[in-house]
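Engineer: Contents of target-v5.txt (compact mmCIF, C-alpha atoms) are given next:
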# COMPACT_ATOMS: atom_id res chain seq x y z
CA MET A 44 -36.80 -0.98 -19.44
CA THR A 45 -38.76 0.75 -16.66
CA ARG A 46 -37.27 -1.69 -14.13
CA TYR A 47 -33.71 -0.81 -15.22
CA MET A 48 -34.51 2.91 -15.11
CA LYS A 49 -35.97 2.58 -11.61
CA THR A 50 -32.89 0.65 -10.41
CA ALA A 51 -30.55 3.26 -11.94
CA VAL A 52 -32.47 6.16 -10.38
CA ILE A 53 -32.45 4.52 -6.91
CA LEU A 54 -28.72 3.81 -7.14
CA PHE A 55 -28.11 7.39 -8.31
CA LEU A 56 -30.16 8.87 -5.44
CA ILE A 57 -28.34 6.77 -2.83
CA CYS A 58 -24.99 7.86 -4.29
CA ALA A 59 -26.12 11.51 -4.34
CA VAL A 60 -27.21 11.47 -0.66
CA CYS A 61 -23.97 9.72 0.40
CA THR A 62 -21.88 12.23 -1.58
CA ALA A 63 -23.75 15.13 0.02
CA LEU A 64 -23.09 13.70 3.51
CA CYS A 65 -19.37 13.33 2.75
CA ALA A 66 -19.28 16.85 1.29
CA ILE A 67 -20.80 18.36 4.45
CA VAL A 68 -18.31 16.57 6.72
CA ASN A 69 -15.45 17.54 4.38
CA GLU A 70 -16.53 21.19 4.56
CA VAL A 71 -16.19 21.07 8.37
CA THR A 72 -13.01 19.00 8.64
CA ALA A 73 -10.96 20.26 5.64
CA PRO A 74 -9.77 23.52 7.30
CA VAL A 75 -8.78 21.62 10.49
CA ILE A 76 -6.87 19.00 8.46
CA ALA A 77 -5.15 21.70 6.36
CA SER A 78 -4.07 23.57 9.48
CA SER A 79 -2.72 20.40 11.11
CA ILE A 80 -0.79 19.47 7.91
CA GLU A 81 0.70 22.99 7.80
CA SER A 82 1.78 22.74 11.46
CA GLU A 83 3.43 19.37 10.74
CA ARG A 84 5.21 20.87 7.71
CA LEU A 85 6.55 23.81 9.71
CA ALA A 86 7.73 21.46 12.48
CA ALA A 87 9.46 19.28 9.85
CA LEU A 88 11.18 22.33 8.29
CA SER A 89 12.48 23.30 11.71
CA ASP A 90 13.64 19.68 12.37
CA VAL A 91 15.61 19.39 9.12
CA ALA A 92 17.08 22.94 9.24
CA ALA A 93 20.12 21.56 11.15
CA GLY A 94 20.48 24.75 13.21
CA TYR A 95 20.51 27.13 10.22
CA GLY A 96 18.03 29.93 9.66
CA ILE A 97 15.14 29.26 7.27
CA GLY A 98 14.81 31.63 4.31
CA GLU A 99 11.98 32.38 1.88
CA GLU A 100 10.12 29.59 0.10
CA ASN A 101 10.62 29.39 -3.69
CA ALA A 102 8.02 27.37 -5.62
CA VAL A 103 9.25 24.93 -8.28
CA GLY A 104 6.49 22.37 -8.95
CA ASP A 105 8.27 20.36 -11.67
CA GLY A 106 6.77 17.06 -10.54
CA ARG A 107 9.83 16.03 -8.46
CA VAL A 108 10.58 19.19 -6.47
CA ASN A 109 7.66 21.14 -4.95
CA TYR A 110 9.71 24.03 -3.57
CA TYR A 111 13.08 24.90 -2.09
CA ILE A 112 14.06 27.15 0.82
CA PRO A 113 17.60 28.52 1.35
CA LEU A 114 19.27 27.71 4.68
CA LEU A 115 20.89 30.82 6.07
CA SER A 116 24.14 30.80 8.03
CA GLU A 117 24.73 33.20 10.94
CA GLU A 118 26.57 35.55 8.55
CA GLY A 119 23.49 35.64 6.32
CA GLY A 120 25.00 33.57 3.49
CA THR A 121 23.39 30.50 1.92
CA ALA A 122 24.61 27.41 3.76
CA GLY A 123 22.37 24.98 1.92
CA TYR A 124 18.77 24.31 0.98
CA ILE A 125 15.64 22.59 2.22
CA VAL A 126 13.79 20.86 -0.61
CA GLU A 127 10.33 19.29 -0.58
CA LEU A 128 10.36 16.28 -2.87
CA LEU A 129 7.59 14.21 -4.44
CA THR A 130 8.04 10.51 -5.06
CA SER A 131 6.03 7.32 -5.12
CA GLY A 132 6.08 4.32 -2.82
CA TYR A 133 4.12 1.10 -2.44
CA GLY A 134 0.99 2.91 -1.24
CA GLY A 135 1.13 5.76 -3.76
CA GLU A 136 2.53 9.28 -3.60
CA MET A 137 4.99 10.21 -0.82
CA THR A 138 6.39 13.61 0.21
CA VAL A 139 9.92 13.96 1.61
CA ILE A 140 11.38 17.11 3.16
CA ALA A 141 15.19 17.11 3.03
CA SER A 142 17.97 19.57 3.75
CA TYR A 143 21.28 19.64 1.87
CA ASP A 144 24.60 21.45 2.02
CA ALA A 145 25.24 23.71 -0.95
CA ASP A 146 27.31 20.85 -2.49
CA GLY A 147 24.32 18.46 -2.35
CA THR A 148 25.30 16.52 0.80
CA LEU A 149 22.21 15.42 2.69
CA LEU A 150 21.94 16.96 6.16
CA GLU A 151 18.54 15.73 7.37
CA ALA A 152 15.44 14.21 5.81
CA LYS A 153 11.94 13.38 6.95
CA LEU A 154 9.19 11.35 5.29
CA MET A 155 5.96 13.32 5.39
CA ALA A 156 2.64 12.35 3.71
CA ASN A 157 2.55 8.68 2.73
CA SER A 158 0.27 5.64 2.63
CA GLU A 159 2.92 2.98 3.19
CA THR A 160 2.15 -0.28 4.98
CA PRO A 161 2.37 -0.14 8.80
CA GLY A 162 5.30 -2.26 10.02
CA LEU A 163 6.97 -2.28 6.58
CA GLY A 164 7.19 0.90 4.51
CA LYS A 165 6.03 3.03 7.47
CA LYS A 166 9.42 2.33 9.10
CA ALA A 167 10.73 5.08 6.82
CA GLU A 168 9.05 7.62 9.13
CA GLU A 169 11.44 6.68 11.94
CA SER A 170 14.57 8.81 12.36
CA TRP A 171 17.06 5.90 12.10
CA TYR A 172 15.85 5.21 8.56
CA MET A 173 17.48 8.36 7.18
CA ASP A 174 20.83 7.47 8.80
CA MET A 175 21.67 5.41 5.72
CA PHE A 176 21.44 8.54 3.54
CA ARG A 177 22.75 11.24 5.91
CA GLY A 178 26.15 12.76 4.92
CA LEU A 179 25.96 11.37 1.38
CA GLY A 180 25.13 13.01 -1.94
CA GLY A 181 28.14 15.36 -2.09
CA SER A 182 31.50 13.69 -2.69
CA GLU A 183 29.98 10.24 -2.02
CA PRO A 184 26.86 9.18 -3.96
CA LEU A 185 23.54 8.43 -2.24
CA PRO A 186 22.46 4.76 -2.29
CA LEU A 187 19.95 4.16 -5.07
CA SER A 188 19.18 0.48 -4.54
CA LYS A 189 19.46 -2.14 -1.81
CA ALA A 190 22.67 -3.36 -3.46
CA ASP A 191 24.34 -0.05 -2.45
CA LEU A 192 23.56 -0.62 1.26
CA SER A 193 25.43 -2.46 3.99
CA ALA A 194 24.08 -5.90 5.00
CA ASP A 195 22.44 -4.45 8.16
CA ASP A 196 20.77 -1.59 6.31
CA SER A 197 19.67 -3.91 3.53
CA ALA A 198 18.05 -6.22 6.11
CA ALA A 199 16.36 -3.22 7.75
CA VAL A 200 14.61 -2.19 4.53
CA SER A 201 13.79 -5.77 3.58
CA GLY A 202 10.10 -6.18 2.74
CA ALA A 203 9.78 -2.52 1.81
CA SER A 204 12.03 -2.19 -1.27
CA VAL A 205 9.53 -0.05 -3.20
CA THR A 206 9.42 2.49 -0.35
CA PHE A 207 13.23 2.50 -0.14
CA ASN A 208 13.62 2.97 -3.92
CA GLY A 209 11.12 5.85 -3.87
CA ILE A 210 12.88 7.66 -1.02
CA ALA A 211 16.36 6.99 -2.42
CA SER A 212 15.45 8.31 -5.87
CA ALA A 213 13.78 11.41 -4.35
CA LEU A 214 16.78 12.20 -2.15
CA SER A 215 19.11 11.73 -5.11
CA ALA A 216 16.96 14.01 -7.28
CA GLY A 217 16.98 16.59 -4.45
CA SER A 218 20.76 16.41 -4.20
CA ASP A 219 21.11 16.93 -7.96
CA TYR A 220 18.68 19.85 -7.82
CA VAL A 221 20.63 21.51 -5.00
CA LYS A 222 23.90 21.02 -6.92
CA GLY A 223 22.25 22.84 -9.80
CA LEU A 224 21.31 25.73 -7.51
CA GLY A 225 24.86 26.10 -6.21
CA GLY A 226 25.64 28.45 -3.33
CA ALA A 227 23.69 31.44 -4.57
CA VAL A 228 19.93 32.03 -4.40
CA MET B 6 -35.95 -12.21 19.97
CA SER B 7 -36.13 -9.26 22.37
CA HIS B 8 -34.38 -5.96 21.69
CA ILE B 9 -31.99 -6.61 24.59
CA ASN B 10 -30.93 -9.87 22.97
CA GLU B 11 -30.15 -8.03 19.72
CA LEU B 12 -27.92 -5.70 21.68
CA THR B 13 -26.09 -8.27 23.79
CA LYS B 14 -25.68 -11.19 21.37
CA GLY B 15 -22.64 -9.60 19.67
CA ILE B 16 -20.76 -9.30 22.96
CA PHE B 17 -20.45 -13.00 23.73
CA LYS B 18 -22.92 -15.44 22.10
CA GLU B 19 -22.28 -14.23 18.53
CA ASN B 20 -19.05 -12.35 19.14
CA PRO B 21 -17.81 -11.32 15.66
CA THR B 22 -14.13 -12.00 16.42
CA PHE B 23 -14.15 -15.16 18.54
CA ILE B 24 -17.38 -16.89 17.50
CA ILE B 25 -18.28 -15.77 13.96
CA MET B 26 -14.59 -15.16 13.12
CA LEU B 27 -15.20 -12.02 11.03
CA GLY B 28 -12.83 -9.08 10.56
CA MET B 29 -9.65 -11.07 11.24
CA CYS B 30 -7.38 -8.85 9.11
CA PRO B 31 -7.82 -5.61 11.13
CA THR B 32 -7.98 -7.65 14.35
CA LEU B 33 -4.50 -9.01 13.80
CA GLY B 34 -3.20 -5.85 12.13
CA VAL B 35 -4.08 -3.11 14.63
CA SER B 36 -4.05 -5.01 17.92
CA THR B 37 -0.46 -4.04 18.72
CA GLN B 38 -1.53 -1.21 21.04
CA VAL B 39 -4.63 -0.71 23.20
CA SER B 40 -5.19 2.84 21.86
CA ASN B 41 -5.22 1.55 18.26
CA ALA B 42 -7.73 -1.15 19.21
CA ILE B 43 -10.03 1.36 20.91
CA GLY B 44 -9.75 3.78 17.94
CA MET B 45 -10.49 1.01 15.44
CA GLY B 46 -13.32 -0.36 17.61
CA LEU B 47 -15.04 3.02 17.96
CA SER B 48 -14.72 3.59 14.20
CA VAL B 49 -16.33 0.20 13.51
CA ILE B 50 -19.15 0.88 16.03
CA PHE B 51 -19.94 4.17 14.26
CA VAL B 52 -19.78 2.75 10.73
CA LEU B 53 -21.65 -0.45 11.64
CA THR B 54 -24.46 1.33 13.49
CA CYS B 55 -24.94 4.07 10.88
CA SER B 56 -24.76 1.70 7.91
CA ASN B 57 -27.15 -0.77 9.58
CA ILE B 58 -29.67 2.05 10.22
CA PHE B 59 -29.42 3.37 6.64
CA ILE B 60 -29.59 -0.07 5.04
CA SER B 61 -32.53 -1.06 7.22
CA LEU B 62 -34.36 2.18 6.34
CA LEU B 63 -33.78 1.62 2.63
CA ARG B 64 -34.28 -2.17 2.60
CA LYS B 65 -37.67 -1.97 0.87
CA ILE B 66 -36.45 0.58 -1.69
CA ILE B 67 -33.09 -0.98 -2.66
CA PRO B 68 -33.64 -3.42 -5.59
CA ASP B 69 -32.28 -6.89 -4.85
CA SER B 70 -30.13 -6.91 -8.00
CA VAL B 71 -28.08 -3.86 -6.88
CA ARG B 72 -28.16 -4.34 -3.11
CA ILE B 73 -24.42 -5.05 -2.73
CA PRO B 74 -23.31 -1.90 -4.66
CA CYS B 75 -25.81 0.12 -2.59
CA TYR B 76 -24.51 -1.37 0.68
CA ILE B 77 -20.92 -0.65 -0.35
CA VAL B 78 -21.71 2.98 -1.27
CA ILE B 79 -23.40 3.54 2.11
CA ILE B 80 -20.62 1.81 4.09
CA ALA B 81 -17.86 3.59 2.12
CA SER B 82 -19.50 6.96 2.81
CA PHE B 83 -19.54 6.38 6.56
CA VAL B 84 -15.94 5.13 6.49
CA THR B 85 -14.94 8.28 4.58
CA ILE B 86 -16.70 10.39 7.22
CA VAL B 87 -14.87 8.55 10.05
CA GLU B 88 -11.58 8.96 8.18
CA MET B 89 -12.06 12.73 7.79
CA VAL B 90 -13.13 13.20 11.43
CA LEU B 91 -10.19 11.15 12.79
CA HIS B 92 -7.72 12.93 10.49
CA ALA B 93 -8.99 16.29 11.71
CA TYR B 94 -9.45 15.68 15.43
CA VAL B 95 -7.42 12.55 16.41
CA PRO B 96 -4.48 12.55 13.94
CA SER B 97 -2.40 10.16 16.07
CA VAL B 98 -5.07 7.44 15.83
CA TYR B 99 -5.57 8.25 12.12
CA GLU B 100 -1.83 7.74 11.49
CA ALA B 101 -1.68 4.58 13.62
CA LEU B 102 -4.65 2.91 11.91
CA GLY B 103 -3.14 3.69 8.49
CA VAL B 104 -4.47 1.53 5.70
CA TYR B 105 -6.77 -0.45 8.04
CA LEU B 106 -9.08 2.55 8.38
CA PRO B 107 -10.19 2.75 4.72
CA LEU B 108 -10.24 -1.05 4.70
CA ILE B 109 -13.24 -0.96 7.11
CA VAL B 110 -15.23 -0.61 3.85
CA VAL B 111 -14.51 -4.25 3.05
CA ASN B 112 -14.55 -5.45 6.68
CA CYS B 113 -16.59 -8.65 6.70
CA ILE B 114 -18.40 -7.61 9.90
CA ILE B 115 -19.94 -4.52 8.28
CA LEU B 116 -21.01 -6.09 4.98
CA GLY B 117 -21.89 -9.35 6.77
CA ARG B 118 -24.29 -7.63 9.19
CA ALA B 119 -25.76 -5.52 6.35
CA GLU B 120 -26.48 -8.63 4.28
CA ALA B 121 -27.46 -11.01 7.10
CA PHE B 122 -29.36 -8.66 9.40
CA ALA B 123 -29.98 -5.00 8.45
CA GLY B 124 -31.32 -5.88 4.99
CA LYS B 125 -34.01 -8.07 6.56
CA ASN B 126 -34.90 -6.41 9.89
CA GLY B 127 -36.36 -3.19 11.29
CA VAL B 128 -34.44 -0.01 12.08
CA LEU B 129 -34.36 -0.39 15.89
CA ASP B 130 -33.19 -4.01 15.82
CA SER B 131 -30.60 -3.18 13.13
CA ALA B 132 -29.26 -0.26 15.17
CA LEU B 133 -29.03 -2.45 18.29
CA ASP B 134 -27.38 -5.22 16.26
CA GLY B 135 -24.82 -2.69 14.95
CA ILE B 136 -24.05 -1.34 18.43
CA GLY B 137 -23.85 -4.83 19.97
CA MET B 138 -21.64 -6.28 17.23
CA GLY B 139 -19.47 -3.16 17.27
CA VAL B 140 -19.05 -3.30 21.05
CA GLY B 141 -18.29 -7.03 20.84
CA PHE B 142 -15.64 -6.33 18.18
CA THR B 143 -14.15 -3.46 20.24
CA LEU B 144 -13.97 -5.58 23.42
CA SER B 145 -12.36 -8.50 21.57
CA LEU B 146 -9.88 -6.24 19.83
CA SER B 147 -9.05 -4.44 23.10
CA LEU B 148 -8.58 -7.77 24.93
CA ILE B 149 -6.18 -9.05 22.24
CA ALA B 150 -4.33 -5.70 22.16
CA LEU B 151 -4.09 -5.56 25.98
CA ILE B 152 -2.56 -9.05 26.21
CA ARG B 153 -0.21 -8.43 23.26
CA GLU B 154 0.96 -5.05 24.53
CA VAL B 155 1.32 -6.02 28.20
CA LEU B 156 3.22 -9.25 27.51
CA GLY B 157 4.94 -8.16 24.27
CA ALA B 158 6.10 -4.67 25.25
CA GLY B 159 5.38 -4.26 28.99
CA THR B 160 3.29 -1.15 28.33
CA ILE B 161 -0.37 -0.10 28.06
CA THR B 162 -0.87 2.71 25.52
CA LEU B 163 -3.99 4.80 26.06
CA PHE B 164 -4.73 8.37 24.96
CA PRO B 165 -2.67 11.29 26.37
CA MET B 166 -4.69 13.55 28.70
CA GLY B 167 -3.29 16.63 30.43
CA SER B 168 -0.09 15.67 32.24
CA PHE B 169 -0.68 11.93 31.52
CA SER B 170 1.49 10.90 28.53
CA GLY B 171 -0.88 8.06 27.64
CA VAL B 172 1.65 5.26 28.19
CA ILE B 173 1.67 3.12 31.34
CA THR B 174 4.95 1.23 31.71
CA LEU B 175 4.80 -2.00 33.68
CA PRO B 176 7.96 -2.60 35.71
CA GLY B 177 9.53 -6.01 35.14
CA LEU B 178 7.57 -6.80 31.99
CA SER B 179 8.95 -3.81 30.08
CA ALA B 180 12.52 -4.96 30.79
CA SER B 181 12.03 -8.50 29.47
CA PRO B 182 8.94 -8.64 27.24
CA VAL B 183 7.77 -11.63 25.17
CA ARG B 184 8.57 -9.94 21.85
CA VAL B 185 6.91 -12.59 19.67
CA LEU B 186 3.50 -11.37 20.81
CA THR B 187 4.03 -8.02 19.07
CA LEU B 188 4.69 -9.85 15.78
CA ALA B 189 2.07 -11.32 13.43
CA ALA B 190 2.94 -14.87 14.54
CA GLY B 191 2.25 -13.94 18.17
CA ALA B 192 -1.10 -12.43 17.20
CA LEU B 193 -2.15 -15.65 15.47
CA LEU B 194 -0.95 -17.74 18.41
CA LEU B 195 -2.90 -15.64 20.91
CA MET B 196 -5.95 -15.60 18.65
CA GLY B 197 -5.86 -19.41 18.61
CA TYR B 198 -5.78 -19.65 22.42
CA LEU B 199 -8.58 -17.11 22.83
CA LYS B 200 -10.71 -18.84 20.18
CA ALA B 201 -10.20 -22.15 22.00
CA PHE B 202 -11.23 -20.53 25.30
CA PHE B 203 -14.38 -19.03 23.78
CA GLN B 204 -15.21 -22.35 22.08
CA TRP B 205 -14.86 -24.16 25.42
CA LYS B 206 -16.99 -21.53 27.16
CA THR B 207 -19.70 -21.75 24.45
CA GLU B 208 -19.81 -25.55 24.67
CA ARG B 209 -20.06 -25.32 28.45
CA CYS B 210 -22.94 -22.85 28.21
CA LYS B 211 -24.75 -25.23 25.84
CA GLY B 212 -24.31 -28.01 28.40
CA GLY B 213 -21.95 -30.05 26.19
CA LYS B 214 -18.56 -31.44 27.15
CA ALA B 215 -15.70 -28.96 27.14
Could you show the structure in this file as structure tokens?

Structural biologist:
Amino acid sequence: MTRYMKTAVILFLICAVCTALCAIVNEVTAPVIASSIESERLAALSDVAAGYGIGEENAVGDGRVNYYIPLLSEEGGTAGYIVELLTSGYGGEMTVIASYDADGTLLEAKLMANSETPGLGKKAEESWYMDMFRGLGGSEPLPLSKADLSADDSAAVSGASVTFNGIASALSAGSDYVKGLGGAV
Amino acid sequence: MSHINELTKGIFKENPTFIIMLGMCPTLGVSTQVSNAIGMGLSVIFVLTCSNIFISLLRKIIPDSVRIPCYIVIIASFVTIVEMVLHAYVPSVYEALGVYLPLIVVNCIILGRAEAFAGKNGVLDSALDGIGMGVGFTLSLSLIALIREVLGAGTITLFPMGSFSGVITLPGLSASPVRVLTLAAGALLLMGYLKAFFQWKTERCKGGKA
């Protein structure tokens, strides 16, 4: 019994010291990481704004949509929305920032935080990846599976179907959400 | 064995990549660009040296029955520290290394050296073993990445500094690169040739027939 207790105490102490070390480093690096993530988010918002002005952020947090931001035309009206979407891929949770016309047509989209496999799912971070969704979602539906894609696009996402399905379902949910918002804030 | 031997054996005589053949997964996975190889190599040097020192210090305290869980906790902690530091200060390398960074926890080199060396030897020798093996791994990884990137893409990607973008483009090679070398098949092919070269060199050093 004493031997088991001694083993458990040693294992506990090693774990405690290691946890303390990680906690100290986290305390130093967390603010730097948070600031860098915020800068990336602001850059992404500016990239997907498609030349429109960016309005005030409105929190949603329903598990699919984190928040939405109205896109303002030069006249001050609502030209569309930027939506931050949550979805899941092969490596776990993914965040997508997308902009839509008021009728739900996708203007631009960008894959943000993700843990997809380099060379496969990570391809979704490249700008060409969103070409297969751009301009759809309004009168024409967004592709929801590989069967809805052209042969070239289907080959491009080959080997990363889970990532594609996650992004496609998020963009579709975003389009539906924007349709629900309509043209008024 | 002298301390110098402990330091230098990992570079050639017991090179983890070409002689002991450990850590093949990250070797083939991240050796597409020189900057990734250097980033991965430096991370492994840090984790290997720190974990070897800790494990060597605690070798008389850690009960034999729970030594592997203890080793894994120590290694995982140092990998987590490297991950947080890279994410905060070198985000481009953090992004490029992707899943291979947390996978250092189960890298055979780290656990292999903990089990085969640090758990049985003193702190100084274990630290030198960690540095030597880490440097050997970094040099091997950088050599593979350099050949793959130069021949496969016609570029050498380093780290941006001031007005230097970090990418050196090689005229001629960048226009008609050997694309297969950037793919997994090319990595395995190159690894085979380099392994054969190191095998030949080792045999020659031993005085045997090449």

Engineer: Counting all atoms listed in the file, which of A:Glu81, A:Asp105, A:Asp146, A:Glu159 gets nearest to chain B?

Structural biologist: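 With all atoms listed in the file as the atom set, the closest residue is A:Glu159.
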
Engineer: Find the residues in chain A near chain B: any atom within 8 Å counts, using only C-alpha atoms. Write them as a list in words.

Structural biologist: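 The answer, sorted by residue number, is Thr50, Ile53, Leu54, Ile57, Cys58, Cys61, Thr62, Leu64, Cys65, Val68, Asn69, Thr72, Ala73, Val75, Ile76, Ser79, Ser158, Glu159, Thr160 and Pro161 of chain A.
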
Engineer: Do you know which residues are at most 8 Å from Ser40 in chain B counting all atoms listed in the file, after dropping those on the same chain fewer than 5 positions away, and could you put them as a count of residues only?

Structural biologist: 4

Engineer: Considering all atoms listed in the file, return as a list in words whatever protein or nucleic-acid residues lie within 10 Å of Lys18 in chain B, sequence-local ones (same chain, fewer than 4 positions apart) excluded.

Structural biologist: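 So the residues in contact are Asn10, Thr13, Lys14, Phe23, Ile24, Ile25, Gly141, Phe203, Lys206, Thr207 and Cys210 of chain B.
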
Engineer: Do a neighbour search on range 147-150 of chain B at 10 Å with all atoms listed in the file, toss out local chain neighbours closer than 3 positions, and write the hits as a ChimeraX atom specification.

Structural biologist: /B:32-33,35-46,141-144,153-157,161-162,186-187,192,195-196,199

Engineer: Between CA of Val139 in chain A and CA of Ala92 in chain A, what is the spacing in Å?

Structural biologist: 13.8 Å

Engineer: Please provide as a PyMOL selection string all residues within 10 Å of Gly117 in chain B, with the sequence filter that same-chain residues fewer than 5 positions apart are discarded (counting only C-alpha atoms).

Structural biologist: chain B and resi 21+27-28+111-112+122-123

Engineer: With C-alpha atoms retained, export the selected residues as a PDB file, in the coordinates of the input.

Structural biologist:
ATOM      1  CA  PRO B  21     -17.810 -11.320  15.660  1.00  0.00           C
ATOM      2  CA  LEU B  27     -15.200 -12.020  11.030  1.00  0.00           C
ATOM      3  CA  GLY B  28     -12.830  -9.080  10.560  1.00  0.00           C
ATOM      4  CA  VAL B 111     -14.510  -4.250   3.050  1.00  0.00           C
ATOM      5  CA  ASN B 112     -14.550  -5.450   6.680  1.00  0.00           C
ATOM      6  CA  PHE B 122     -29.360  -8.660   9.400  1.00  0.00           C
ATOM      7  CA  ALA B 123     -29.980  -5.000   8.450  1.00  0.00           C
TER       8      ALA B 123
END

Engineer: Extract, using only C-alpha atoms, all DNA, RNA and protein residues at most 10 Å from Gly94 in chain A, discarding same-chain residues fewer than 2 positions from it, and format them as a tab-separated table (two decimals) with C-alpha atoms, in the frame of the given file.

Structural biologist:
chain	number	residue	atom	x	y	z
A	89	SER	CA	12.48	23.30	11.71
A	90	ASP	CA	13.64	19.68	12.37
A	91	VAL	CA	15.61	19.39	9.12
A	92	ALA	CA	17.08	22.94	9.24
A	96	GLY	CA	18.03	29.93	9.66
A	97	ILE	CA	15.14	29.26	7.27
A	114	LEU	CA	19.27	27.71	4.68
A	115	LEU	CA	20.89	30.82	6.07
A	116	SER	CA	24.14	30.80	8.03
A	117	GLU	CA	24.73	33.20	10.94

Engineer: Rank A:Ser182, A:Asn208, A:Ser82, A:Thr138 by their smallest atom-to-atom distance to Asn109 in chain A, using all atoms listed in the file, and report the top residue only.

Structural biologist: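 Under the stated criterion, the closest residue is A:Thr138.
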
Engineer: Pick out the closest residue to Gly135 in chain A from this set: A:Val205, A:Leu192, A:Ser218, A:Glu151. Count only C-alpha atoms.

Structural biologist: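 Of A:Val205, A:Leu192, A:Ser218, A:Glu151, the one nearest Gly135 in chain A is A:Val205, counting only C-alpha atoms.
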
Engineer: Could you tell me how far CA of Tyr99 in chain B sits from CA of Met166 in chain B, in Å to one decimal place?

Structural biologist: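 Calculated distance between CA of Met166 in chain B and CA of Tyr99 in chain B is 17.4 Å.
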
Engineer: Could you give me, as a short mmCIF file (atom, residue, chain, number, x, y, z; two decimals) with C-alpha atoms, keeping the file's coordinate frame, the residues that sit within 6 Å of (-31.0, 1.0, 13.0) in the file's coordinates, counting all atoms listed in the file?

Structural biologist:
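The file below, out-v8.cif, is the result:
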data_model
loop_
_atom_site.label_atom_id
_atom_site.label_comp_id
_atom_site.auth_asym_id
_atom_site.auth_seq_id
_atom_site.Cartn_x
_atom_site.Cartn_y
_atom_site.Cartn_z
CA ASN B 57 -27.15 -0.77 9.58
CA ILE B 58 -29.67 2.05 10.22
CA VAL B 128 -34.44 -0.01 12.08
CA LEU B 129 -34.36 -0.39 15.89
CA SER B 131 -30.60 -3.18 13.13
CA ALA B 132 -29.26 -0.26 15.17
#

Engineer: Smallest atom-to-atom distance to Ile112 in chain A: which of A:Leu85, A:Val126, A:Ala51, A:Leu214, using all atoms listed in the file?

Structural biologist: A:Val126

Engineer: Go ahead and fit an axis-aligned box to every listed atom of range 90-97 of chain A plus 6 Å each side, and pass me the centre and edge lengths in Å, one decimal, as lines of an AutoDock Vina configuration file.

Structural biologist:
center_x = 17.1
center_y = 24.7
center_z = 10.2
size_x = 18.9
size_y = 22.5
size_z = 17.9

Engineer: Take the structure in the block and write a file for range 195-205 of chain A, N, CA, C and O atoms, as a PDB file, in the first residue's frame.

Structural biologist:
ATOM      1  N   ASP A 195     -13.259  19.447 -61.549  1.00  0.00           N
ATOM      2  CA  ASP A 195     -11.988  20.059 -61.126  1.00  0.00           C
ATOM      3  C   ASP A 195     -12.006  20.412 -59.648  1.00  0.00           C
ATOM      4  O   ASP A 195     -11.053  20.134 -58.918  1.00  0.00           O
ATOM      5  N   ASP A 196     -13.120  21.045 -59.220  1.00  0.00           N
ATOM      6  CA  ASP A 196     -13.233  21.436 -57.813  1.00  0.00           C
ATOM      7  C   ASP A 196     -13.285  20.209 -56.909  1.00  0.00           C
ATOM      8  O   ASP A 196     -12.705  20.196 -55.823  1.00  0.00           O
ATOM      9  N   SER A 197     -13.986  19.192 -57.368  1.00  0.00           N
ATOM     10  CA  SER A 197     -14.102  17.958 -56.597  1.00  0.00           C
ATOM     11  C   SER A 197     -12.719  17.318 -56.418  1.00  0.00           C
ATOM     12  O   SER A 197     -12.382  16.834 -55.330  1.00  0.00           O
ATOM     13  N   ALA A 198     -11.914  17.358 -57.484  1.00  0.00           N
ATOM     14  CA  ALA A 198     -10.550  16.800 -57.401  1.00  0.00           C
ATOM     15  C   ALA A 198      -9.693  17.640 -56.451  1.00  0.00           C
ATOM     16  O   ALA A 198      -8.866  17.102 -55.708  1.00  0.00           O
ATOM     17  N   ALA A 199      -9.931  18.967 -56.453  1.00  0.00           N
ATOM     18  CA  ALA A 199      -9.126  19.860 -55.607  1.00  0.00           C
ATOM     19  C   ALA A 199      -9.365  19.621 -54.125  1.00  0.00           C
ATOM     20  O   ALA A 199      -8.465  19.789 -53.313  1.00  0.00           O
ATOM     21  N   VAL A 200     -10.588  19.222 -53.763  1.00  0.00           N
ATOM     22  CA  VAL A 200     -10.880  19.000 -52.339  1.00  0.00           C
ATOM     23  C   VAL A 200     -10.753  17.516 -51.962  1.00  0.00           C
ATOM     24  O   VAL A 200     -11.016  17.138 -50.826  1.00  0.00           O
ATOM     25  N   SER A 201     -10.315  16.720 -52.926  1.00  0.00           N
ATOM     26  CA  SER A 201     -10.162  15.293 -52.679  1.00  0.00           C
ATOM     27  C   SER A 201      -9.150  15.073 -51.549  1.00  0.00           C
ATOM     28  O   SER A 201      -8.110  15.708 -51.494  1.00  0.00           O
ATOM     29  N   GLY A 202      -9.458  14.162 -50.653  1.00  0.00           N
ATOM     30  CA  GLY A 202      -8.569  13.885 -49.520  1.00  0.00           C
ATOM     31  C   GLY A 202      -8.864  14.759 -48.322  1.00  0.00           C
ATOM     32  O   GLY A 202      -8.264  14.577 -47.270  1.00  0.00           O
ATOM     33  N   ALA A 203      -9.761  15.732 -48.498  1.00  0.00           N
ATOM     34  CA  ALA A 203     -10.100  16.617 -47.381  1.00  0.00           C
ATOM     35  C   ALA A 203     -11.604  16.879 -47.387  1.00  0.00           C
ATOM     36  O   ALA A 203     -12.054  18.006 -47.267  1.00  0.00           O
ATOM     37  N   SER A 204     -12.388  15.803 -47.540  1.00  0.00           N
ATOM     38  CA  SER A 204     -13.853  15.935 -47.639  1.00  0.00           C
ATOM     39  C   SER A 204     -14.454  16.466 -46.349  1.00  0.00           C
ATOM     40  O   SER A 204     -15.423  17.232 -46.388  1.00  0.00           O
ATOM     41  N   VAL A 205     -13.902  16.063 -45.201  1.00  0.00           N
ATOM     42  CA  VAL A 205     -14.486  16.489 -43.915  1.00  0.00           C
ATOM     43  C   VAL A 205     -14.330  18.004 -43.764  1.00  0.00           C
ATOM     44  O   VAL A 205     -15.257  18.691 -43.332  1.00  0.00           O
TER      45      VAL A 205
END
